[in-house]
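Step one of this worksheet: look at the structure below.
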Amino acid sequence: MENLQFLTEKQVLELRERFGSPVFVYDEATLREQARKALAFPNAYGLRVRYAMKALPTAAVLRVFDSMGLHIDASSGFEARRALAAGIPPDHIQITAQEMPGDLEELLGLGVLFNCCSLHQLDTYGKLRPGTDVSVRINPGLGSGHSNKTNTGGPSASYGIWHEYLDQAFEVAGRHHLRLTRMHTHIGSGADPEMWNRCALLSLGVAAKMPDVETLNLGGGFKVARMPDEISADLEVIGSRIKADIEAFHAEHGRKLQLEIEPGTFLTARAGALICTVIDVVDTGAEGYRFIKADTGMTDNPRPQLYAAQHPLALVPAEPGERAEREYVVAGHCCESGDILTPEPENAESIRPRALKEARIGDALVVGAAGAYCSGMACKNYNSFPESAEVLLTEEGPRLIRRGQSVEQMIQNEMPL
């Protein structure tokens, strides 16, 4: 079954029996294959790949990518601490954050890098580390994404220093004797090479005005096709155009820019699946819908509710035998009307049934392409549902890499009156 990706029906039932339900399952071979593709991104004068760990921050996954030479993009000081705890070298971690870490001075002292995302952040960094080299994030004025919620460039995005305020950035940097040697941009999620090319040219236009820039970081947002009708970003095509742009930049300005990219979804989305269980099957009459109720939902995967995101689904019968297909809406286990796993595409306010094998209570249901922004972005503990376990499929067999959360762990920080 295509929707099972790297799993077989037998594996689904065995993993559920061994590790419980729901459970995230990640495939190490797929993680490594995607990392190899990212490391092969065309470049003119050197490449560094940073894993956007917000996509899936589990330590075992960070270590897989670290072993292949990837560095880390951390979106908060807490993520940086988590990467350090996983054994990632401090100088392989760069923080690019909306909220400045309260312990930034200590993190900088350890060797963690910082990417200034506003004039205030640049000024604060300059007070802590005057006379040093630093990175700045620039909003180049254009963005891309499959929805406004995933668009991180252009006038509707708060990320980075607006490109028209470059003189102010120079003034702040000069006041603290900083060298702006690294420039970062990020346009959002997309697959269109033309849009990537346009944004790269905009970014290079800004870099041309920054004489000390040695590294250009174009961020991530390489779209992955989770569904058959979606289009994945072609890194070879996108990278080849950007490589030519950087070579032209060198010819004109005499600077060889090292390239950085920061994929997250590209590395992990299709390397993960969520195995859950059918806990009920109901309907709303002849003119209504048939519903599968699952023991998962927004507490494991909030993407359908947030973005009307589409995930492949596969029903695996608990008992052998032929079954016809029927149309179902798949509902999550939360007491929340929006907890639906089958929203209408691009409209989270509506539902669209999916054709699945006839469902019976106790069957397994697999939510595919669940390796990115599912476990790491879940509506943790809503309705007091615990965090699910995570398993990594290795050459030696399945390995538990995160235990399921207990009720005791859920309430351990609550204080009595």
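Chain identifiers are assigned as A, B, and so on, following the order in which chains appear in the structure tokens; residues are numbered from 1 within each chain, and ligands are numbered from 1 in order of appearance.
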
Inset, instruction - Pick out the residues sitting within 12 Å of Lys380 in chain A, and hand them over as a ChimeraX atom specification; count only C-alpha atoms, and ignore anything fewer than 6 positions along from it in its own chain. - result: /A:296-302,334,374,386-388,405,410

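The set of residues in range 240-299 of chain A assigned to strand (DSSP E or B) by DSSP, using only backbone atoms of this structure, is A:Gln258, A:Leu259, A:Glu260, A:Ile261, A:Gly272, A:Ala273, A:Leu274, A:Ile275, A:Cys276, A:Thr277, A:Val278, A:Ile279, A:Asp280, A:Val281, A:Val282, A:Asp283, A:Arg290, A:Phe291, A:Ile292, A:Lys293, A:Ala294.
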
Inset, instruction - Pick out the residues sitting within 9 Å of Ile261 in chain A, and hand them over as a PyMOL selection string; count only C-alpha atoms, and ignore anything fewer than 4 positions along from it in its own chain. - result: chain A and resi 38+41+47-51+216-220

Legend entry - Polymer residues at most 10 Å from range 321-329 of chain A, only C-alpha atoms, same-chain spacing of 6 or more positions, as a PyMOL selection string: chain A and resi 281-283+289-293+340-343+351-359

Inset, instruction - Write out as JSON, numbers by chain the residues lying within 9 Å of Met68 in chain A, counting only C-alpha atoms and excluding same-chain residues fewer than 5 positions away. - result: {"A": [32, 35, 36, 63]}

Inset, instruction - Give me the residues within 7 Å of Val224 in chain A as a PyMOL selection string, counting only C-alpha atoms and dropping any in the same chain fewer than 3 places off. - result: chain A and resi 232-233+265-266

Dump N, CA and C atoms for the selected residues as a PDB file, in the first residue's frame?
```pdb
ATOM      1  N   SER A 232       6.629  18.149  -5.150  1.00  0.00           N
ATOM      2  CA  SER A 232       7.782  18.346  -4.277  1.00  0.00           C
ATOM      3  C   SER A 232       8.767  19.313  -4.912  1.00  0.00           C
ATOM      4  N   ALA A 233       9.513  20.002  -4.066  1.00  0.00           N
ATOM      5  CA  ALA A 233      10.591  20.851  -4.543  1.00  0.00           C
ATOM      6  C   ALA A 233      11.707  19.977  -5.112  1.00  0.00           C
ATOM      7  N   THR A 265      11.197  20.041   6.893  1.00  0.00           N
ATOM      8  CA  THR A 265      10.208  19.154   6.281  1.00  0.00           C
ATOM      9  C   THR A 265      10.844  18.219   5.260  1.00  0.00           C
ATOM     10  N   PHE A 266      11.718  18.753   4.421  1.00  0.00           N
ATOM     11  CA  PHE A 266      12.342  17.940   3.378  1.00  0.00           C
ATOM     12  C   PHE A 266      13.050  16.729   3.964  1.00  0.00           C
TER      13      PHE A 266
END
```
